[in-house]
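Engineer: Input structure: data29.cif, which contains mmCIF, C-alpha atoms and all ligand atoms.
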data_model
#
loop_
_atom_site.label_atom_id
_atom_site.label_comp_id
_atom_site.auth_asym_id
_atom_site.auth_seq_id
_atom_site.Cartn_x
_atom_site.Cartn_y
_atom_site.Cartn_z
CA MET A 237 -33.69 -73.41 -217.66
CA ILE A 238 -30.41 -72.16 -219.16
CA LYS A 239 -29.86 -72.76 -222.86
CA ILE A 240 -26.40 -72.98 -224.44
CA ALA A 241 -25.93 -71.78 -228.00
CA PRO A 242 -22.51 -72.65 -229.45
CA SER A 243 -21.39 -70.15 -232.09
CA ILE A 244 -20.15 -71.76 -235.28
CA LEU A 245 -18.05 -68.66 -235.95
CA SER A 246 -15.33 -70.50 -234.00
CA ALA A 247 -15.81 -73.77 -235.92
CA ASP A 248 -13.77 -75.12 -238.85
CA PHE A 249 -15.87 -74.02 -241.85
CA ALA A 250 -14.23 -76.63 -244.09
CA ASP A 251 -15.79 -79.34 -241.93
CA LEU A 252 -19.00 -77.70 -240.80
CA GLY A 253 -21.22 -80.80 -240.74
CA ARG A 254 -18.90 -82.56 -238.31
CA GLU A 255 -18.40 -79.39 -236.28
CA VAL A 256 -22.17 -79.16 -235.78
CA GLN A 257 -22.35 -82.79 -234.64
CA LYS A 258 -19.77 -81.99 -231.95
CA VAL A 259 -22.20 -79.57 -230.26
CA GLU A 260 -25.51 -81.37 -230.71
CA SER A 261 -25.80 -81.83 -226.94
CA ALA A 262 -26.33 -78.07 -226.74
CA ASP A 263 -29.73 -76.40 -227.10
CA TRP A 264 -29.41 -73.95 -229.97
CA LEU A 265 -26.90 -73.34 -232.76
CA HIS A 266 -25.80 -69.69 -232.98
CA VAL A 267 -25.02 -68.47 -236.49
CA ASP A 268 -23.20 -65.14 -236.91
CA VAL A 269 -23.96 -63.35 -240.17
CA MET A 270 -21.71 -60.34 -240.92
CA ASP A 271 -21.79 -58.06 -243.95
CA GLY A 272 -18.52 -56.12 -243.74
CA MET A 273 -20.54 -52.92 -243.29
CA PHE A 274 -22.41 -53.08 -239.99
CA VAL A 275 -19.28 -54.78 -238.66
CA SER A 276 -15.88 -54.80 -240.33
CA ASN A 277 -15.73 -58.58 -240.68
CA ILE A 278 -17.46 -60.74 -243.30
CA SER A 279 -18.55 -64.21 -242.16
CA ILE A 280 -21.31 -66.34 -243.68
CA GLY A 281 -24.67 -65.89 -245.34
CA VAL A 282 -27.85 -67.46 -246.62
CA PRO A 283 -26.39 -70.55 -248.41
CA VAL A 284 -24.60 -71.67 -245.25
CA VAL A 285 -27.78 -71.41 -243.19
CA LYS A 286 -29.52 -73.48 -245.85
CA SER A 287 -26.85 -76.19 -245.61
CA LEU A 288 -26.95 -76.13 -241.80
CA ARG A 289 -30.71 -76.63 -241.96
CA LYS A 290 -30.14 -79.87 -243.89
CA ALA A 291 -27.36 -80.99 -241.56
CA THR A 292 -29.12 -80.64 -238.18
CA ASP A 293 -32.44 -80.44 -236.37
CA MET A 294 -30.99 -77.99 -233.85
CA PHE A 295 -32.78 -74.67 -233.34
CA LEU A 296 -31.00 -72.18 -235.62
CA ASP A 297 -30.44 -68.89 -233.80
CA VAL A 298 -29.28 -66.49 -236.51
CA HIS A 299 -27.60 -63.26 -235.37
CA LEU A 300 -27.74 -60.72 -238.18
CA MET A 301 -24.90 -58.20 -238.05
CA ILE A 302 -25.96 -56.52 -241.28
CA GLU A 303 -27.20 -53.07 -242.27
CA LYS A 304 -30.92 -52.70 -242.98
CA PRO A 305 -31.66 -56.36 -242.18
CA VAL A 306 -35.29 -56.04 -243.38
CA ARG A 307 -33.87 -56.72 -246.87
CA TYR A 308 -32.86 -60.26 -245.90
CA ILE A 309 -35.57 -61.58 -243.56
CA ASP A 310 -37.36 -63.59 -246.26
CA ALA A 311 -34.10 -65.09 -247.52
CA PHE A 312 -33.04 -66.29 -244.07
CA ALA A 313 -36.56 -67.55 -243.32
CA ASP A 314 -36.49 -69.52 -246.59
CA ALA A 315 -33.07 -70.89 -245.63
CA GLY A 316 -34.56 -72.37 -242.46
CA ALA A 317 -33.66 -70.02 -239.61
CA ASP A 318 -35.78 -70.58 -236.47
CA LEU A 319 -34.98 -67.21 -234.91
CA LEU A 320 -33.57 -64.04 -236.44
CA SER A 321 -32.13 -61.24 -234.37
CA VAL A 322 -31.53 -57.73 -235.68
CA HIS A 323 -29.34 -55.01 -234.18
CA LEU A 324 -31.20 -51.91 -233.01
CA GLU A 325 -28.28 -49.90 -234.46
CA SER A 326 -28.59 -51.44 -237.94
CA ASP A 327 -31.51 -49.30 -239.19
CA MET A 328 -33.88 -46.49 -238.18
CA PRO A 329 -36.82 -47.58 -235.97
CA PRO A 330 -39.27 -47.99 -238.91
CA GLY A 331 -36.78 -50.37 -240.55
CA ILE A 332 -36.44 -52.42 -237.36
CA ARG A 333 -40.24 -52.56 -237.05
CA ALA A 334 -40.52 -53.68 -240.67
CA ALA A 335 -37.96 -56.44 -240.05
CA LEU A 336 -39.92 -57.70 -237.03
CA GLU A 337 -43.16 -57.62 -239.02
CA ALA A 338 -41.53 -59.61 -241.81
CA MET A 339 -40.45 -62.23 -239.24
CA ASP A 340 -44.02 -62.38 -237.98
CA ARG A 341 -45.35 -62.99 -241.47
CA ARG A 342 -42.83 -65.80 -241.94
CA GLY A 343 -43.47 -67.41 -238.55
CA VAL A 344 -39.85 -66.95 -237.48
CA LYS A 345 -39.04 -66.09 -233.87
CA LYS A 346 -37.99 -62.47 -233.36
CA GLY A 347 -34.94 -61.08 -231.61
CA ILE A 348 -33.36 -57.66 -231.10
CA VAL A 349 -29.69 -57.10 -230.28
CA LEU A 350 -27.84 -54.31 -228.46
CA ARG A 351 -24.23 -53.31 -229.03
CA PRO A 352 -22.33 -52.51 -225.81
CA ILE A 353 -22.86 -48.76 -226.34
CA THR A 354 -26.67 -49.07 -226.53
CA ALA A 355 -28.61 -48.46 -223.31
CA ALA A 356 -31.02 -50.96 -221.74
CA GLU A 357 -33.96 -48.57 -222.25
CA ALA A 358 -33.64 -48.97 -226.03
CA VAL A 359 -35.48 -52.31 -225.78
CA LEU A 360 -38.61 -50.78 -224.27
CA PRO A 361 -40.43 -49.85 -227.53
CA TYR A 362 -40.03 -53.46 -228.75
CA ILE A 363 -40.11 -55.60 -225.63
CA LYS A 364 -43.72 -56.74 -225.92
CA ASP A 365 -43.21 -57.80 -229.55
CA VAL A 366 -40.06 -59.92 -229.37
CA ASP A 367 -39.15 -63.47 -228.32
CA LEU A 368 -35.55 -62.68 -227.45
CA ILE A 369 -33.28 -59.82 -226.45
CA LEU A 370 -29.56 -60.31 -227.07
CA VAL A 371 -27.02 -58.29 -225.12
CA MET A 372 -23.53 -58.15 -226.64
CA THR A 373 -20.72 -58.42 -224.11
CA VAL A 374 -18.05 -57.71 -226.77
CA GLU A 375 -18.07 -55.38 -229.77
CA PRO A 376 -19.68 -57.50 -232.49
CA GLY A 377 -17.45 -58.69 -235.32
CA PHE A 378 -15.07 -61.31 -233.99
CA GLY A 379 -14.97 -64.34 -231.74
CA GLY A 380 -12.44 -64.76 -228.96
CA GLN A 381 -12.64 -61.27 -227.44
CA LYS A 382 -12.57 -60.37 -223.76
CA PHE A 383 -15.89 -60.29 -221.86
CA MET A 384 -17.06 -56.75 -220.98
CA ALA A 385 -18.11 -56.91 -217.33
CA ASP A 386 -19.51 -53.37 -217.56
CA GLN A 387 -22.48 -54.86 -219.43
CA LEU A 388 -23.68 -56.82 -216.37
CA PRO A 389 -25.86 -53.99 -214.96
CA LYS A 390 -27.50 -53.68 -218.40
CA ILE A 391 -28.30 -57.41 -218.44
CA ALA A 392 -29.85 -57.04 -214.96
CA ALA A 393 -31.90 -54.00 -216.04
CA ILE A 394 -33.23 -55.82 -219.11
CA ARG A 395 -34.10 -58.84 -216.94
CA ARG A 396 -36.26 -56.53 -214.81
CA TYR A 397 -37.96 -55.10 -217.92
CA ILE A 398 -38.62 -58.62 -219.24
CA ASN A 399 -40.11 -59.80 -215.95
CA GLU A 400 -42.40 -56.78 -215.92
CA HIS A 401 -43.46 -56.57 -219.58
CA ASN A 402 -42.93 -59.95 -221.30
CA PRO A 403 -41.85 -62.79 -218.97
CA ASP A 404 -41.65 -65.34 -221.81
CA CYS A 405 -38.99 -63.31 -223.63
CA ARG A 406 -35.53 -64.93 -223.61
CA LEU A 407 -32.45 -62.96 -222.54
CA GLU A 408 -29.35 -64.02 -224.47
CA VAL A 409 -25.75 -62.93 -223.91
CA ASP A 410 -23.03 -63.12 -226.56
CA GLY A 411 -19.31 -62.47 -226.32
CA GLY A 412 -16.54 -63.77 -224.08
CA VAL A 413 -18.81 -66.24 -222.28
CA ASP A 414 -16.66 -68.95 -220.68
CA PRO A 415 -16.71 -71.02 -217.46
CA ASN A 416 -15.63 -67.94 -215.46
CA THR A 417 -18.07 -65.41 -216.92
CA ALA A 418 -21.10 -67.71 -217.41
CA PRO A 419 -22.09 -67.63 -213.70
CA LEU A 420 -21.94 -63.81 -213.79
CA VAL A 421 -24.35 -63.47 -216.73
CA ILE A 422 -26.69 -66.12 -215.30
CA GLN A 423 -26.67 -64.27 -211.98
CA ALA A 424 -27.54 -61.04 -213.83
CA GLY A 425 -30.55 -62.75 -215.43
CA ALA A 426 -29.47 -64.23 -218.78
CA ASP A 427 -31.05 -67.54 -219.81
CA VAL A 428 -29.40 -68.19 -223.20
CA LEU A 429 -25.59 -68.22 -223.37
CA VAL A 430 -23.74 -67.99 -226.68
CA ALA A 431 -20.23 -69.44 -226.60
CA GLY A 432 -17.82 -69.68 -229.51
CA SER A 433 -14.24 -70.13 -228.41
CA ALA A 434 -15.20 -71.61 -225.01
CA VAL A 435 -16.90 -74.52 -226.82
CA TYR A 436 -14.92 -74.97 -230.05
CA GLY A 437 -11.60 -74.16 -228.39
CA ALA A 438 -12.18 -76.92 -225.80
CA VAL A 439 -10.68 -80.38 -226.18
CA ASP A 440 -14.11 -81.82 -225.39
CA PRO A 441 -16.90 -79.48 -226.64
CA ALA A 442 -19.66 -81.62 -225.04
CA ALA A 443 -17.96 -81.31 -221.63
CA ALA A 444 -17.53 -77.56 -222.16
CA ILE A 445 -21.28 -77.25 -222.85
CA LYS A 446 -22.06 -79.05 -219.57
CA THR A 447 -19.69 -76.82 -217.66
CA LEU A 448 -21.30 -73.69 -219.09
CA ARG A 449 -24.72 -74.97 -218.03
CA GLY A 450 -23.35 -75.31 -214.52
CA GLU A 451 -23.64 -79.13 -214.49
C1 LIG B 501 -19.29 -61.80 -232.24
C2 LIG B 501 -20.30 -62.89 -232.36
C3 LIG B 501 -20.22 -63.94 -231.34
C4 LIG B 501 -18.93 -64.71 -231.29
C5 LIG B 501 -18.73 -65.11 -229.86
O1 LIG B 501 -19.64 -60.75 -233.08
O2 LIG B 501 -21.60 -62.34 -232.31
O3 LIG B 501 -21.33 -64.83 -231.45
O4 LIG B 501 -18.93 -65.85 -232.10
O5 LIG B 501 -17.49 -65.69 -229.73
P1 LIG B 501 -16.81 -65.91 -228.29
O6 LIG B 501 -17.72 -66.79 -227.51
O7 LIG B 501 -15.51 -66.55 -228.64
O8 LIG B 501 -16.65 -64.53 -227.68
ZN ZN B 502 -23.33 -63.73 -232.22
#
Would you mind writing the file out in C-alpha cells?
Ligand code: DX5
Ligand code: ZN

Structural biologist:
Amino acid sequence: MIKIAPSILSADFADLGREVQKVESADWLHVDVMDGMFVSNISIGVPVVKSLRKATDMFLDVHLMIEKPVRYIDAFADAGADLLSVHLESDMPPGIRAALEAMDRRGVKKGIVLRPITAAEAVLPYIKDVDLILVMTVEPGFGGQKFMADQLPKIAAIRRYINEHNPDCRLEVDGGVDPNTAPLVIQAGADVLVAGSAVYGAVDPAAAIKTLRGE
C-alpha cells in the first residue's frame, strides 16, 4: 500500500493549521527540518513540530537535515514526532548509531536518509535496525527541484536489500515527486512518496494526493 506524505515545506507557514487540513486525506505529514549547516537553507524546528502535533492526528514524519542529529532526538520526540529520519552524511557512524538508540529509548520510529551521492550499500549496516529508508531524489535543501532519475537504480537496489533483510522497512522517496515521476519510483520499489510542490502547488491538493497514489 503506497503512502503519500505531503511536505509542508511548500505550504504557507503563516497559515499552517489550515494548510495541514488541506492534506489530511494523505497518510503522513512530512516535516523538513534544516539547520543552515548540513544544508544551506534554514526551515523550521522543534516549536513548529510541537504546534503541528496539537493541530493534527496525522503521522508526523520528521526529516532531519541537521548536523549531529543525536543532539536533538529527545527534543523532537518531546515535540511529538512519530518518526525521525537522520542523514547518514550528518555524523560519523557512532553518532548515527547513538541517534537511532535515542529514538529507540523514546519509542519513536527510526529512519535513515541518503543524499544522492551516497551509495545504496551504505544502508546495509543499519537496515535491520530501522523502520524506514529515505532516498533523496534531489539535493536536500529546497522544494521544487527537478527529479533525479539517476537515483532510480539505487531505489531498486535498496528495495532488494529490504526484501532480503527487513521486509517491514518502508522505502520513502523525497524530491521532485509529481504525477509523472511517481509511477517511476513506485515501479522501482518505493512505498512512501513525499511531495511538496506537487501537492501544495496544485489547485486541489486532495485531488493531487489521489493522483499520486495512482487512483
Ligand atoms: C528537500 C525536502 C523535500 C522537499 C520536497 O530538501 O527534503 O521534502 O520539500 O519538495 P518537492 O516535492 O517540491 O521536490
Ligand atoms: Zn524532506

Engineer: One decimal, in Å: what's the spacing between atom CA of A:Asp414 and atom CA of A:Lys446?

Structural biologist: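 About the pair atom CA of A:Asp414 and atom CA of A:Lys446: they are 11.5 Å apart.
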
Engineer: Chain A near ligand LIG 501 (chain B) within 7 Å: what's each residue's closest atom pair and its distance in Å to one decimal, counting all atoms listed in the file, ordered by chain then ascending residue number, as CSV?

Structural biologist:
residue,atom,partner,partner_atom,distance
A:Ser243,CA,B:LIG501,O4,5.0
A:Ile244,CA,B:LIG501,O4,6.8
A:Leu245,CA,B:LIG501,O4,4.8
A:Ser246,CA,B:LIG501,O4,6.2
A:His266,CA,B:LIG501,O3,6.8
A:Asp268,CA,B:LIG501,O2,5.6
A:His299,CA,B:LIG501,O2,6.8
A:Val374,CA,B:LIG501,C1,6.9
A:Glu375,CA,B:LIG501,O1,6.5
A:Pro376,CA,B:LIG501,O1,3.3
A:Gly377,CA,B:LIG501,O1,3.7
A:Phe378,CA,B:LIG501,C1,4.6
A:Gly379,CA,B:LIG501,O5,3.5
A:Gly380,CA,B:LIG501,O7,3.6
A:Gln381,CA,B:LIG501,O8,5.2
A:Asp410,CA,B:LIG501,O3,5.5
A:Gly411,CA,B:LIG501,O8,3.6
A:Gly412,CA,B:LIG501,O8,3.7
A:Val413,CA,B:LIG501,O6,5.4
A:Val430,CA,B:LIG501,O6,6.2
A:Ala431,CA,B:LIG501,O6,3.8
A:Gly432,CA,B:LIG501,O6,3.5
A:Ser433,CA,B:LIG501,O7,3.8
A:Ala434,CA,B:LIG501,O6,6.0

Engineer: Keeping only C-alpha atoms, write those residues as an mmCIF file, in the coordinates of the input.

Structural biologist:
data_model
loop_
_atom_site.group_PDB
_atom_site.id
_atom_site.type_symbol
_atom_site.label_atom_id
_atom_site.label_comp_id
_atom_site.auth_asym_id
_atom_site.auth_seq_id
_atom_site.Cartn_x
_atom_site.Cartn_y
_atom_site.Cartn_z
ATOM 1 C CA SER A 243 -21.390 -70.150 -232.090
ATOM 2 C CA ILE A 244 -20.150 -71.760 -235.280
ATOM 3 C CA LEU A 245 -18.050 -68.660 -235.950
ATOM 4 C CA SER A 246 -15.330 -70.500 -234.000
ATOM 5 C CA HIS A 266 -25.800 -69.690 -232.980
ATOM 6 C CA ASP A 268 -23.200 -65.140 -236.910
ATOM 7 C CA HIS A 299 -27.600 -63.260 -235.370
ATOM 8 C CA VAL A 374 -18.050 -57.710 -226.770
ATOM 9 C CA GLU A 375 -18.070 -55.380 -229.770
ATOM 10 C CA PRO A 376 -19.680 -57.500 -232.490
ATOM 11 C CA GLY A 377 -17.450 -58.690 -235.320
ATOM 12 C CA PHE A 378 -15.070 -61.310 -233.990
ATOM 13 C CA GLY A 379 -14.970 -64.340 -231.740
ATOM 14 C CA GLY A 380 -12.440 -64.760 -228.960
ATOM 15 C CA GLN A 381 -12.640 -61.270 -227.440
ATOM 16 C CA ASP A 410 -23.030 -63.120 -226.560
ATOM 17 C CA GLY A 411 -19.310 -62.470 -226.320
ATOM 18 C CA GLY A 412 -16.540 -63.770 -224.080
ATOM 19 C CA VAL A 413 -18.810 -66.240 -222.280
ATOM 20 C CA VAL A 430 -23.740 -67.990 -226.680
ATOM 21 C CA ALA A 431 -20.230 -69.440 -226.600
ATOM 22 C CA GLY A 432 -17.820 -69.680 -229.510
ATOM 23 C CA SER A 433 -14.240 -70.130 -228.410
ATOM 24 C CA ALA A 434 -15.200 -71.610 -225.010
#

Engineer: Could you please determine the separation between atom CA of A:Ala385 and atom CA of A:Val275 in Å, to one decimal place?

Structural biologist: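 Computed distance, atom CA of A:Ala385 to atom CA of A:Val275, equals 21.5 Å.
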
Engineer: Between atom CA of A:Val421 and atom CA of A:Arg449, what distance in Å does the model show, to one decimal?

Structural biologist: 11.6 Å

Engineer: Which is closest to A:Phe249 among A:Ala424, A:Val282, A:Leu288, A:Ala315, if we use only C-alpha atoms?

Structural biologist: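 The answer is A:Leu288, which sits nearest to A:Phe249.
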
Engineer: How big is the axis-aligned box, and where does its centre sit, when it encloses all atoms of stretch 402-406 of chain A listed in the file and has 6 Å added on every side, reported in Å to one decimal as JSON?

Structural biologist:
{"center_x": -39.2, "center_y": -62.6, "center_z": -221.3, "size_x": 19.4, "size_y": 17.4, "size_z": 16.7}

Engineer: Compare A:Lys345, A:Lys304, A:Lys286, A:His323 by their minimum atom-to-atom distance to A:Asp365, counting only C-alpha atoms, and give me the closest one.

Structural biologist: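 Among the listed residues, A:Lys345 lies closest to A:Asp365.
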
Engineer: Using only C-alpha atoms, which residues sit within 12 Å of stretch 390-401 of chain A once same-chain residues fewer than 5 positions away are excluded, as a ChimeraX atom specification?

Structural biologist: /A:349-373,384-385,406-410,420-428
